Amino acid sequence: MLVSSFLCIGNVCAQDVGPTKSDKIEGLTALNFPYMRGEKYLSDLSMVLICHLFNFDYTWKYFSSYGAEYVSSVPEMGIRKPQYNCSDEEIKHLVRNDMDAEYLDKKDVRDNLLSGKRPLIFMKSPLLEDEIMTAKKNGITVAYKPIGLDATLVINNKYNPVRDLTEEQVRQIYTGKVPNWKIVGGDSLKMNVAVDLDEDLTDIFYQQFIKEGDMVYEKRNEWTAIGAMFDGKRDRFPFYGLVISEDYGYIFYYQYIFRYVLFDRDWAPPAMKINGVLPTQESILDGSYPYSTNIYAAVNTGHPMAKKIYDYLTTAEGQQMLYDYGYIPLKKRTDGIMDQPLPEVAPEIKYADGYLVARPMAVPQRIAVMDLNGKRIADVVVPAGVDRVAVTLQPGVYLVKMVPEKGRPAVIKIAVTR
């Protein structure tokens with residue numbers, strides 16, 4: 001006789017209904033679902049997978065603050081919570097994944113993979129060569145690939161009349177050349193620029209807004225004046241401050257996933273057009289919106305079930321899952337997603353013995369190397385089949401931009417140690 005009981009965890013209750021299996025991945029159950037992590041803005045992908053792979057529903061739950069000290073002007077935020085329909089034991093296992101949907105910095109998330117604590121993670125940028133080597137030293141073989149698209153939004157207050165900027169205007173704003181909104185067609189009002197301290201957003205900032213020789217305009221604590229708290233460790237969602245009408249002189253940047261997937265609220269500040277193009281799934285997919293980026297998955301290839309999920313993510317069904325939950329798939333096709341097979345190998349770049357070695361190099365492409373201050377070290381066009389470029393790099397961190405003759409550009413960060 002089956003005895004039914006209920007368990008409530010995080011205000012979510014479920015009834016014991018027996019073994020729960022996925023009808024999408026062979027052998028996957030609620031008890032062998034692998035633990036995973038996501039970098040900031042990607043942390044809820046584990047919950048998305050739980051709901052999708054086990055056919056669970058989810059509801060929007062709301063919370064209003066990080067504590068009583070948080071600013072009163074911040075409206076309630078929404079967060080998706082799964083409605084588990086499985087046994088108590090299975091819920092406990094799955095909730096361990098769900099509760100991982102919290103802020104973790106980039107290094108912590110990657111260390112979870114490289115040390116073997118988590119067999120699958122989601123990232124905003126590719127693994128570095130030294131990270132891959134760290135995993136090997138720990139007896140772990142890792143692989144990574146793009147699984148979808150994201151984009152950087154430029155946002156301001158909804159009462160600000162400027163709703164459209166060019167890429168060049170954005171660059172000039174972030175390099176301090178536009179002190180007043182009047183220069184870009186707005187009211188005579190001081191241009192208040194906020195720059196995020198988070199490592200992942202700082203990487204994106206340099207990749208997309210800054211060119212060679214630019215001096216970056218940095219007033220990094222500006223957002224404390226626009227209603228977002230700073231506790232010495234991380235920002236507390238500074239874009240909320242842009243809701244307040246008195247703060248319509250501020251400009252900020254954030255990710256599409258955060259604004260339109262995780263917290264798609266009507267009150268949230270609107271995205272601006274860039275070069276006349278509003279960031280939408282369509283414009284990011286077709287490349288007409290200029291500030292697009294990849295999101296990545298990385299896996300411990302020795303973990304069979306994690307590898308199955310990793311492979312599933314770039315199948316047509318897996319890409320449709322991302323689309324259904326509001327994420328942006330890699331490619332478009334007439335029936336919804338892709339029009340050609342996905343690449344099996346993500347671009348890989350390393351520096352060795354005075355050469356920048358890049359793979360794959362099946363088509364001609366342009367390769368540019370910049371330091372984190374935007375200084376261009378090298379910029380060459382490489383023919384198809386040539387996989388190395390002679391360049392002298394001092395120890396440090398560099399951004400390498402690969403622009404193929406056909407296909408989507410990629411920006412990869414590399415570390416040179418000697």
# chains A, B, ... in the order shown; residues from 1 in each chain; ligands from 1
$ residues_around --residues "Lys21 of chain A" --least-positions-apart "4" --cutoff "9 Å" --atoms "only C-alpha atoms" --output "number ranges by chain"
A: 25-31, 53-54
$ residues_around --residues "Ile295 of chain A" --least-positions-apart "4" --cutoff "8 Å" --atoms "only C-alpha atoms" --output "NGL selection string"
:A and (122-125 or 146-150)
$ atom_distance --atom1 "atom CA of Ser115 of chain A" --atom2 "atom CA of Thr134 of chain A"
8.4 Å
$ residues_around --residues "segment 265-276 of chain A" --least-positions-apart "5" --cutoff "7 Å" --atoms "only C-alpha atoms" --output "PDB file with N, CA and C atoms, in the first residue's frame"
ATOM      1  N   LEU A 153      22.574  45.092 -22.416  1.00  0.00           N
ATOM      2  CA  LEU A 153      21.614  46.172 -22.608  1.00  0.00           C
ATOM      3  C   LEU A 153      22.176  47.472 -22.068  1.00  0.00           C
ATOM      4  N   VAL A 154      21.914  48.555 -22.732  1.00  0.00           N
ATOM      5  CA  VAL A 154      22.199  49.886 -22.211  1.00  0.00           C
ATOM      6  C   VAL A 154      20.870  50.437 -21.730  1.00  0.00           C
ATOM      7  N   ILE A 155      20.785  50.819 -20.461  1.00  0.00           N
ATOM      8  CA  ILE A 155      19.506  51.203 -19.881  1.00  0.00           C
ATOM      9  C   ILE A 155      19.598  52.565 -19.209  1.00  0.00           C
ATOM     10  N   ASN A 156      18.471  53.257 -19.196  1.00  0.00           N
ATOM     11  CA  ASN A 156      18.345  54.508 -18.456  1.00  0.00           C
ATOM     12  C   ASN A 156      16.922  54.627 -17.941  1.00  0.00           C
ATOM     13  N   ASN A 157      16.617  55.704 -17.271  1.00  0.00           N
ATOM     14  CA  ASN A 157      15.297  55.886 -16.695  1.00  0.00           C
ATOM     15  C   ASN A 157      14.247  56.090 -17.788  1.00  0.00           C
ATOM     16  N   LYS A 158      13.037  55.551 -17.549  1.00  0.00           N
ATOM     17  CA  LYS A 158      11.989  55.622 -18.574  1.00  0.00           C
ATOM     18  C   LYS A 158      11.551  57.046 -18.883  1.00  0.00           C
ATOM     19  N   ARG A 163      16.154  57.558 -26.176  1.00  0.00           N
ATOM     20  CA  ARG A 163      15.830  56.144 -26.239  1.00  0.00           C
ATOM     21  C   ARG A 163      16.654  55.403 -27.275  1.00  0.00           C
ATOM     22  N   ASP A 164      17.589  56.086 -27.957  1.00  0.00           N
ATOM     23  CA  ASP A 164      18.350  55.470 -29.048  1.00  0.00           C
ATOM     24  C   ASP A 164      19.750  56.069 -29.070  1.00  0.00           C
ATOM     25  N   LEU A 165      20.766  55.213 -29.027  1.00  0.00           N
ATOM     26  CA  LEU A 165      22.155  55.650 -29.117  1.00  0.00           C
ATOM     27  C   LEU A 165      22.861  54.836 -30.185  1.00  0.00           C
ATOM     28  N   THR A 166      23.934  55.371 -30.736  1.00  0.00           N
ATOM     29  CA  THR A 166      24.792  54.599 -31.627  1.00  0.00           C
ATOM     30  C   THR A 166      25.888  53.934 -30.798  1.00  0.00           C
ATOM     31  N   GLU A 167      26.553  52.949 -31.376  1.00  0.00           N
ATOM     32  CA  GLU A 167      27.680  52.314 -30.686  1.00  0.00           C
ATOM     33  C   GLU A 167      28.756  53.335 -30.344  1.00  0.00           C
ATOM     34  N   TYR A 240      17.805  48.893 -10.293  1.00  0.00           N
ATOM     35  CA  TYR A 240      16.555  49.287  -9.658  1.00  0.00           C
ATOM     36  C   TYR A 240      16.504  50.791  -9.423  1.00  0.00           C
ATOM     37  N   LEU A 242      17.347  53.067 -11.268  1.00  0.00           N
ATOM     38  CA  LEU A 242      16.951  53.796 -12.463  1.00  0.00           C
ATOM     39  C   LEU A 242      15.437  53.918 -12.602  1.00  0.00           C
ATOM     40  N   VAL A 243      14.691  53.238 -11.743  1.00  0.00           N
ATOM     41  CA  VAL A 243      13.237  53.343 -11.772  1.00  0.00           C
ATOM     42  C   VAL A 243      12.785  54.707 -11.250  1.00  0.00           C
ATOM     43  N   TYR A 289      21.271  43.437 -33.479  1.00  0.00           N
ATOM     44  CA  TYR A 289      21.613  44.131 -32.240  1.00  0.00           C
ATOM     45  C   TYR A 289      23.091  43.861 -31.962  1.00  0.00           C
TER      46      TYR A 289
END
$ select_by_dssp --residues "segment 248-323 of chain A" --states "alpha helix (DSSP H)" --output "PyMOL selection string"
chain A and resi 256+281-285+304-312+316-323
$ residues_around --residues "Leu113 of chain A" --least-positions-apart "4" --cutoff "12 Å" --atoms "only C-alpha atoms" --output "mmCIF file with N, CA, C and O atoms, in the first residue's frame"
data_model
loop_
_atom_site.group_PDB
_atom_site.id
_atom_site.type_symbol
_atom_site.label_atom_id
_atom_site.label_comp_id
_atom_site.auth_asym_id
_atom_site.auth_seq_id
_atom_site.Cartn_x
_atom_site.Cartn_y
_atom_site.Cartn_z
ATOM 1 N N PRO A 34 22.388 15.393 -11.701
ATOM 2 C CA PRO A 34 23.686 15.864 -11.211
ATOM 3 C C PRO A 34 23.624 17.279 -10.656
ATOM 4 O O PRO A 34 22.901 18.129 -11.178
ATOM 5 N N TYR A 35 24.384 17.516 -9.596
ATOM 6 C CA TYR A 35 24.456 18.849 -9.017
ATOM 7 C C TYR A 35 25.193 19.776 -9.976
ATOM 8 O O TYR A 35 26.196 19.413 -10.573
ATOM 9 N N MET A 36 24.701 21.009 -10.087
ATOM 10 C CA MET A 36 25.295 21.947 -11.035
ATOM 11 C C MET A 36 25.269 23.350 -10.454
ATOM 12 O O MET A 36 24.571 23.635 -9.480
ATOM 13 N N ARG A 37 26.034 24.221 -11.069
ATOM 14 C CA ARG A 37 26.150 25.611 -10.639
ATOM 15 C C ARG A 37 26.056 26.515 -11.855
ATOM 16 O O ARG A 37 26.359 26.116 -12.973
ATOM 17 N N GLY A 38 25.698 27.767 -11.627
ATOM 18 C CA GLY A 38 25.700 28.754 -12.694
ATOM 19 C C GLY A 38 26.316 30.045 -12.211
ATOM 20 O O GLY A 38 26.138 30.437 -11.048
ATOM 21 N N GLU A 39 27.073 30.703 -13.091
ATOM 22 C CA GLU A 39 27.571 32.028 -12.763
ATOM 23 C C GLU A 39 26.401 32.996 -12.668
ATOM 24 O O GLU A 39 25.272 32.676 -13.044
ATOM 25 N N LYS A 106 32.417 34.225 -10.157
ATOM 26 C CA LYS A 106 32.888 33.434 -11.287
ATOM 27 C C LYS A 106 33.883 32.360 -10.853
ATOM 28 O O LYS A 106 33.795 31.201 -11.273
ATOM 29 N N LYS A 107 34.829 32.734 -9.992
ATOM 30 C CA LYS A 107 35.860 31.784 -9.576
ATOM 31 C C LYS A 107 35.252 30.621 -8.791
ATOM 32 O O LYS A 107 35.621 29.461 -9.001
ATOM 33 N N ASP A 108 34.306 30.926 -7.891
ATOM 34 C CA ASP A 108 33.681 29.870 -7.098
ATOM 35 C C ASP A 108 32.969 28.858 -7.981
ATOM 36 O O ASP A 108 33.066 27.642 -7.768
ATOM 37 N N VAL A 109 32.229 29.356 -8.979
ATOM 38 C CA VAL A 109 31.485 28.462 -9.869
ATOM 39 C C VAL A 109 32.445 27.557 -10.628
ATOM 40 O O VAL A 109 32.247 26.338 -10.706
ATOM 41 N N LYS A 117 33.472 19.037 -7.556
ATOM 42 C CA LYS A 117 32.302 19.176 -6.695
ATOM 43 C C LYS A 117 31.004 19.235 -7.500
ATOM 44 O O LYS A 117 29.961 18.795 -7.034
ATOM 45 N N ARG A 118 31.049 19.835 -8.671
ATOM 46 C CA ARG A 118 29.884 19.935 -9.542
ATOM 47 C C ARG A 118 30.293 19.487 -10.939
ATOM 48 O O ARG A 118 31.264 20.010 -11.490
ATOM 49 N N PRO A 119 29.569 18.525 -11.541
ATOM 50 C CA PRO A 119 29.983 18.022 -12.850
ATOM 51 C C PRO A 119 29.510 18.862 -14.030
ATOM 52 O O PRO A 119 29.913 18.621 -15.161
ATOM 53 N N LEU A 120 28.645 19.873 -13.787
ATOM 54 C CA LEU A 120 28.127 20.690 -14.882
ATOM 55 C C LEU A 120 27.929 22.115 -14.375
ATOM 56 O O LEU A 120 27.356 22.327 -13.309
ATOM 57 N N ILE A 121 28.430 23.099 -15.145
ATOM 58 C CA ILE A 121 28.263 24.500 -14.774
ATOM 59 C C ILE A 121 27.866 25.311 -15.999
ATOM 60 O O ILE A 121 28.038 24.869 -17.139
ATOM 61 N N PHE A 122 27.334 26.512 -15.745
ATOM 62 C CA PHE A 122 26.957 27.436 -16.810
ATOM 63 C C PHE A 122 27.756 28.720 -16.632
ATOM 64 O O PHE A 122 27.879 29.240 -15.516
ATOM 65 N N MET A 123 28.301 29.258 -17.752
ATOM 66 C CA MET A 123 29.280 30.336 -17.670
ATOM 67 C C MET A 123 28.958 31.431 -18.684
ATOM 68 O O MET A 123 28.308 31.197 -19.700
ATOM 69 N N LEU A 127 36.071 28.501 -20.749
ATOM 70 C CA LEU A 127 37.146 28.127 -19.835
ATOM 71 C C LEU A 127 38.478 28.583 -20.400
ATOM 72 O O LEU A 127 38.695 28.572 -21.619
ATOM 73 N N GLU A 131 42.651 26.890 -16.607
ATOM 74 C CA GLU A 131 41.576 26.225 -15.882
ATOM 75 C C GLU A 131 41.437 24.770 -16.339
ATOM 76 O O GLU A 131 41.213 23.864 -15.524
ATOM 77 N N ILE A 132 41.558 24.545 -17.632
ATOM 78 C CA ILE A 132 41.498 23.191 -18.167
ATOM 79 C C ILE A 132 42.646 22.355 -17.601
ATOM 80 O O ILE A 132 42.473 21.187 -17.239
ATOM 81 N N THR A 134 44.194 22.910 -14.734
ATOM 82 C CA THR A 134 43.909 22.673 -13.314
ATOM 83 C C THR A 134 43.014 21.459 -13.137
ATOM 84 O O THR A 134 43.231 20.617 -12.259
ATOM 85 N N ALA A 135 41.993 21.351 -13.978
ATOM 86 C CA ALA A 135 41.104 20.194 -13.924
ATOM 87 C C ALA A 135 41.883 18.907 -14.187
ATOM 88 O O ALA A 135 41.680 17.896 -13.491
ATOM 89 N N LYS A 136 42.777 18.918 -15.186
ATOM 90 C CA LYS A 136 43.568 17.729 -15.500
ATOM 91 C C LYS A 136 44.431 17.312 -14.324
ATOM 92 O O LYS A 136 44.578 16.124 -14.035
ATOM 93 N N ASN A 138 43.700 17.640 -11.357
ATOM 94 C CA ASN A 138 42.790 17.037 -10.380
ATOM 95 C C ASN A 138 42.166 15.744 -10.893
ATOM 96 O O ASN A 138 41.246 15.193 -10.267
ATOM 97 N N GLY A 139 42.666 15.262 -12.031
ATOM 98 C CA GLY A 139 42.160 14.022 -12.590
ATOM 99 C C GLY A 139 40.827 14.154 -13.297
ATOM 100 O O GLY A 139 40.096 13.178 -13.452
ATOM 101 N N ILE A 140 40.504 15.375 -13.750
ATOM 102 C CA ILE A 140 39.206 15.638 -14.371
ATOM 103 C C ILE A 140 39.416 16.148 -15.788
ATOM 104 O O ILE A 140 40.231 17.041 -16.023
ATOM 105 N N THR A 141 38.676 15.587 -16.736
ATOM 106 C CA THR A 141 38.682 16.089 -18.108
ATOM 107 C C THR A 141 37.413 16.885 -18.330
ATOM 108 O O THR A 141 36.311 16.402 -18.060
ATOM 109 N N VAL A 142 37.574 18.113 -18.803
ATOM 110 C CA VAL A 142 36.420 18.990 -18.983
ATOM 111 C C VAL A 142 36.252 19.352 -20.457
ATOM 112 O O VAL A 142 37.203 19.308 -21.244
ATOM 113 N N ALA A 143 35.036 19.694 -20.825
ATOM 114 C CA ALA A 143 34.719 20.201 -22.153
ATOM 115 C C ALA A 143 33.758 21.365 -21.981
ATOM 116 O O ALA A 143 33.047 21.449 -20.975
ATOM 117 N N TYR A 144 33.737 22.277 -22.939
ATOM 118 C CA TYR A 144 32.796 23.385 -22.868
ATOM 119 C C TYR A 144 32.329 23.746 -24.269
ATOM 120 O O TYR A 144 32.970 23.413 -25.270
ATOM 121 N N ALA A 297 28.127 26.159 -21.453
ATOM 122 C CA ALA A 297 28.074 25.076 -20.475
ATOM 123 C C ALA A 297 29.441 24.397 -20.471
ATOM 124 O O ALA A 297 30.108 24.306 -21.509
ATOM 125 N N ALA A 298 29.865 23.927 -19.312
ATOM 126 C CA ALA A 298 31.101 23.151 -19.194
ATOM 127 C C ALA A 298 30.798 21.915 -18.362
ATOM 128 O O ALA A 298 30.013 21.970 -17.407
ATOM 129 N N VAL A 299 31.429 20.796 -18.712
ATOM 130 C CA VAL A 299 31.072 19.530 -18.094
ATOM 131 C C VAL A 299 32.311 18.721 -17.738
ATOM 132 O O VAL A 299 33.350 18.821 -18.400
ATOM 133 N N ASN A 300 32.203 17.959 -16.677
ATOM 134 C CA ASN A 300 33.163 16.916 -16.347
ATOM 135 C C ASN A 300 32.796 15.713 -17.218
ATOM 136 O O ASN A 300 31.775 15.053 -16.983
ATOM 137 N N THR A 301 33.581 15.451 -18.255
ATOM 138 C CA THR A 301 33.208 14.423 -19.232
ATOM 139 C C THR A 301 33.196 13.019 -18.643
ATOM 140 O O THR A 301 32.652 12.096 -19.251
ATOM 141 N N GLY A 302 33.773 12.845 -17.458
ATOM 142 C CA GLY A 302 33.768 11.540 -16.804
ATOM 143 C C GLY A 302 32.501 11.252 -16.029
ATOM 144 O O GLY A 302 32.351 10.163 -15.474
ATOM 145 N N HIS A 303 31.587 12.214 -15.997
ATOM 146 C CA HIS A 303 30.319 12.018 -15.292
ATOM 147 C C HIS A 303 29.245 11.716 -16.337
ATOM 148 O O HIS A 303 28.787 12.613 -17.048
ATOM 149 N N ALA A 306 25.815 13.844 -16.318
ATOM 150 C CA ALA A 306 26.069 15.254 -16.624
ATOM 151 C C ALA A 306 26.408 15.424 -18.102
ATOM 152 O O ALA A 306 25.984 16.385 -18.748
#
$ atom_distance --atom1 "atom CA of Tyr254 of chain A" --atom2 "atom CA of Ile377 of chain A"
28.0 Å
$ atom_distance --atom1 "atom CA of Phe252 of chain A" --atom2 "atom CA of Val193 of chain A"
6.5 Å
$ closest_residue --among "A:Gln207, A:Gln169, A:Thr314, A:Gln319" --to "Lys401 of chain A" --atoms "only C-alpha atoms"
A:Gln207
$ decode --residues "segment 68-179 of chain A" --atoms "C-alpha atoms" --output "mmCIF file, in the first residue's frame"
data_model
loop_
_atom_site.group_PDB
_atom_site.id
_atom_site.type_symbol
_atom_site.label_atom_id
_atom_site.label_comp_id
_atom_site.auth_asym_id
_atom_site.auth_seq_id
_atom_site.Cartn_x
_atom_site.Cartn_y
_atom_site.Cartn_z
ATOM 1 C CA ALA A 68 15.383 45.683 6.260
ATOM 2 C CA GLU A 69 18.307 47.930 5.303
ATOM 3 C CA TYR A 70 17.517 47.679 1.594
ATOM 4 C CA VAL A 71 16.156 50.767 -0.086
ATOM 5 C CA SER A 72 12.406 51.253 0.165
ATOM 6 C CA SER A 73 12.190 52.354 -3.476
ATOM 7 C CA VAL A 74 12.923 48.870 -4.821
ATOM 8 C CA PRO A 75 9.725 47.148 -6.007
ATOM 9 C CA GLU A 76 9.149 43.467 -5.392
ATOM 10 C CA MET A 77 11.289 41.107 -7.415
ATOM 11 C CA GLY A 78 10.035 37.884 -8.926
ATOM 12 C CA ILE A 79 11.787 34.541 -8.903
ATOM 13 C CA ARG A 80 10.658 31.255 -10.416
ATOM 14 C CA LYS A 81 10.113 28.324 -8.056
ATOM 15 C CA PRO A 82 9.396 24.773 -9.241
ATOM 16 C CA GLN A 83 6.332 22.881 -8.115
ATOM 17 C CA TYR A 84 7.830 19.496 -7.301
ATOM 18 C CA ASN A 85 5.662 16.448 -7.917
ATOM 19 C CA CYS A 86 7.799 13.665 -6.506
ATOM 20 C CA SER A 87 8.766 11.918 -3.291
ATOM 21 C CA ASP A 88 10.207 13.570 -0.192
ATOM 22 C CA GLU A 89 13.621 12.029 -0.824
ATOM 23 C CA GLU A 90 13.630 13.242 -4.429
ATOM 24 C CA ILE A 91 12.587 16.743 -3.395
ATOM 25 C CA LYS A 92 15.477 16.940 -0.938
ATOM 26 C CA HIS A 93 17.896 16.002 -3.711
ATOM 27 C CA LEU A 94 16.432 18.431 -6.243
ATOM 28 C CA VAL A 95 16.111 21.274 -3.740
ATOM 29 C CA ARG A 96 19.855 21.009 -3.179
ATOM 30 C CA ASN A 97 20.207 22.046 -6.821
ATOM 31 C CA ASP A 98 17.485 24.656 -6.598
ATOM 32 C CA MET A 99 18.996 26.264 -3.514
ATOM 33 C CA ASP A 100 22.228 26.705 -5.446
ATOM 34 C CA ALA A 101 20.438 29.440 -7.427
ATOM 35 C CA GLU A 102 22.167 32.162 -5.432
ATOM 36 C CA TYR A 103 24.948 34.634 -6.046
ATOM 37 C CA LEU A 104 28.308 32.949 -6.591
ATOM 38 C CA ASP A 105 31.266 34.679 -8.115
ATOM 39 C CA LYS A 106 32.888 33.434 -11.287
ATOM 40 C CA LYS A 107 35.860 31.784 -9.576
ATOM 41 C CA ASP A 108 33.681 29.870 -7.098
ATOM 42 C CA VAL A 109 31.485 28.462 -9.869
ATOM 43 C CA ARG A 110 34.440 27.335 -11.970
ATOM 44 C CA ASP A 111 36.296 25.897 -8.989
ATOM 45 C CA ASN A 112 33.242 23.718 -8.345
ATOM 46 C CA LEU A 113 33.774 22.109 -11.758
ATOM 47 C CA LEU A 114 37.574 21.952 -11.688
ATOM 48 C CA SER A 115 37.647 20.346 -8.228
ATOM 49 C CA GLY A 116 34.964 17.785 -9.054
ATOM 50 C CA LYS A 117 32.302 19.176 -6.695
ATOM 51 C CA ARG A 118 29.884 19.935 -9.542
ATOM 52 C CA PRO A 119 29.983 18.022 -12.850
ATOM 53 C CA LEU A 120 28.127 20.690 -14.882
ATOM 54 C CA ILE A 121 28.263 24.500 -14.774
ATOM 55 C CA PHE A 122 26.957 27.436 -16.810
ATOM 56 C CA MET A 123 29.280 30.336 -17.670
ATOM 57 C CA LYS A 124 29.378 33.755 -19.345
ATOM 58 C CA SER A 125 32.736 33.090 -21.029
ATOM 59 C CA PRO A 126 34.797 30.045 -22.099
ATOM 60 C CA LEU A 127 37.146 28.127 -19.835
ATOM 61 C CA LEU A 128 40.739 29.325 -19.922
ATOM 62 C CA GLU A 129 43.629 27.047 -20.804
ATOM 63 C CA ASP A 130 45.004 27.202 -17.258
ATOM 64 C CA GLU A 131 41.576 26.225 -15.882
ATOM 65 C CA ILE A 132 41.498 23.191 -18.167
ATOM 66 C CA MET A 133 44.996 22.274 -16.952
ATOM 67 C CA THR A 134 43.909 22.673 -13.314
ATOM 68 C CA ALA A 135 41.104 20.194 -13.924
ATOM 69 C CA LYS A 136 43.568 17.729 -15.500
ATOM 70 C CA LYS A 137 45.815 17.995 -12.452
ATOM 71 C CA ASN A 138 42.790 17.037 -10.380
ATOM 72 C CA GLY A 139 42.160 14.022 -12.590
ATOM 73 C CA ILE A 140 39.206 15.638 -14.371
ATOM 74 C CA THR A 141 38.682 16.089 -18.108
ATOM 75 C CA VAL A 142 36.420 18.990 -18.983
ATOM 76 C CA ALA A 143 34.719 20.201 -22.153
ATOM 77 C CA TYR A 144 32.796 23.385 -22.868
ATOM 78 C CA LYS A 145 30.651 24.851 -25.643
ATOM 79 C CA PRO A 146 28.227 27.708 -26.312
ATOM 80 C CA ILE A 147 24.621 26.759 -25.598
ATOM 81 C CA GLY A 148 22.807 30.030 -26.191
ATOM 82 C CA LEU A 149 23.024 33.783 -26.600
ATOM 83 C CA ASP A 150 22.784 36.746 -24.285
ATOM 84 C CA ALA A 151 23.228 40.462 -24.907
ATOM 85 C CA THR A 152 24.334 43.567 -23.048
ATOM 86 C CA LEU A 153 21.614 46.172 -22.608
ATOM 87 C CA VAL A 154 22.199 49.886 -22.211
ATOM 88 C CA ILE A 155 19.506 51.203 -19.881
ATOM 89 C CA ASN A 156 18.345 54.508 -18.456
ATOM 90 C CA ASN A 157 15.297 55.886 -16.695
ATOM 91 C CA LYS A 158 11.989 55.622 -18.574
ATOM 92 C CA TYR A 159 11.463 59.389 -18.212
ATOM 93 C CA ASN A 160 14.714 60.165 -20.012
ATOM 94 C CA PRO A 161 13.782 61.231 -23.587
ATOM 95 C CA VAL A 162 16.894 59.623 -25.130
ATOM 96 C CA ARG A 163 15.830 56.144 -26.239
ATOM 97 C CA ASP A 164 18.350 55.470 -29.048
ATOM 98 C CA LEU A 165 22.155 55.650 -29.117
ATOM 99 C CA THR A 166 24.792 54.599 -31.627
ATOM 100 C CA GLU A 167 27.680 52.314 -30.686
ATOM 101 C CA GLU A 168 30.032 55.262 -31.034
ATOM 102 C CA GLN A 169 27.922 57.368 -28.664
ATOM 103 C CA VAL A 170 27.945 54.567 -26.081
ATOM 104 C CA ARG A 171 31.738 54.319 -26.351
ATOM 105 C CA GLN A 172 32.096 58.089 -25.925
ATOM 106 C CA ILE A 173 29.798 58.066 -22.897
ATOM 107 C CA TYR A 174 31.827 55.359 -21.185
ATOM 108 C CA THR A 175 35.104 57.107 -21.958
ATOM 109 C CA GLY A 176 33.938 60.414 -20.470
ATOM 110 C CA LYS A 177 33.527 62.335 -23.733
ATOM 111 C CA VAL A 178 29.812 63.029 -23.180
ATOM 112 C CA PRO A 179 29.402 65.038 -19.944
#
